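Notes follow once the structure below has been shown.
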Amino acid sequence: MRLQILAVSSVITLISACTAPVDRPLTVDGPRAFGYDADYAACYNLASGFTDGTPREGATTGAVLGGIVGALDASDGDKIEGAVVGAAAGALIGSAEAHEKLSEERRDVLIRCMQNRGHRVVG
């Protein structure tokens with residue numbers, strides 16, 4: 001039963017993490033300035049390459065917390081199985097949340113880059 005719950009929650013988590021905010025069109029206050037497309041391409045490449053180790057940290061933290069909760073929640077006395085299932089679920093959820101945070105940070109990098117190049121980007 002736990003494996004079924006883990007499988008379903010994993011699929012839901014991974015599907016929800018598929019939308020990348022950095023790929024949404026930018027909102028510009030007024031007409032686009034000269035050179036917008038070239039600047040957008042350069043800023044998009046910069047933002048796409050931005051990383052800060054967040055997904056790895058999220059997966060590790062999620063696995064540790066999930067393992068502890070899984071071991072404490074084991075009703076049939078099998079603490080090791082509960083810890084393993086909890087750690088796997090925690091790692092998946094923690095990683096998905098960290099990827100979402102990183103995607104939002106990449107969007108912020110894109111917006112700031114465009115603003116620093118003189119474009120009136122508001123979001």
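Residues are referred to by chain and number: the chain letter is A, B, ... according to the order shown in the structure tokens, the number counts from 1 in that chain, and ligands are numbered separately from 1 in the order shown.
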Open item on the list: List the spatial neighbours of Val121 in chain A as number ranges by chain - criterion: any atom at most 6 Å away, only C-alpha atoms, same-chain residues fewer than 3 positions off excluded.
Closed with: A: 27-28, 115
Expected file contents, prior selection, N, CA, C and O atoms, as an mmCIF file, in the first residue's frame:
data_model
loop_
_atom_site.group_PDB
_atom_site.id
_atom_site.type_symbol
_atom_site.label_atom_id
_atom_site.label_comp_id
_atom_site.auth_asym_id
_atom_site.auth_seq_id
_atom_site.Cartn_x
_atom_site.Cartn_y
_atom_site.Cartn_z
ATOM 1 N N THR A 27 6.322 40.223 -19.510
ATOM 2 C CA THR A 27 5.406 41.356 -19.647
ATOM 3 C C THR A 27 6.235 42.627 -19.708
ATOM 4 O O THR A 27 7.054 42.882 -18.821
ATOM 5 N N VAL A 28 6.021 43.403 -20.763
ATOM 6 C CA VAL A 28 6.785 44.628 -20.965
ATOM 7 C C VAL A 28 5.835 45.813 -20.852
ATOM 8 O O VAL A 28 4.728 45.794 -21.388
ATOM 9 N N GLN A 115 15.983 43.970 -17.499
ATOM 10 C CA GLN A 115 15.871 45.322 -16.954
ATOM 11 C C GLN A 115 17.228 46.030 -16.984
ATOM 12 O O GLN A 115 17.310 47.221 -17.292
#
- [ ] Can you pull out every residue within 10 Å of Phe50 in chain A, counting only C-alpha atoms, but drop anything in the same chain fewer than 3 positions away, and send it as a PyMOL selection string?
- [x] chain A and resi 44-47+53+102-103+105-107+109-110
What does the file look like for those residues with C-alpha atoms, as a CSV table (one decimal), in the first residue's frame?
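Result file is result-v5.csv:
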chain,number,residue,atom,x,y,z
A,44,TYR,CA,17.5,33.5,-21.3
A,45,ASN,CA,20.8,31.6,-21.8
A,46,LEU,CA,22.2,33.3,-18.7
A,47,ALA,CA,19.1,32.4,-16.7
A,53,GLY,CA,22.7,23.6,-5.6
A,102,LEU,CA,15.2,27.2,-8.8
A,103,SER,CA,12.9,27.7,-11.7
A,105,GLU,CA,14.9,32.1,-9.3
A,106,ARG,CA,15.8,31.6,-13.0
A,107,ARG,CA,12.8,33.7,-13.9
A,109,VAL,CA,17.5,36.3,-13.2
A,110,LEU,CA,15.9,36.7,-16.7
Task: Non-local contacts of Gly35 in chain A (10 Å; only C-alpha atoms; under 3 positions in same chain excluded) as a list of chain:residue names - done: A:Arg32, A:Ala38, A:Asp39, A:Tyr40, A:Arg117, A:Gly118, A:His119
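Across the model, the gap from CA of Gly66 in chain A to CA of Val84 in chain A is 8.4 Å.
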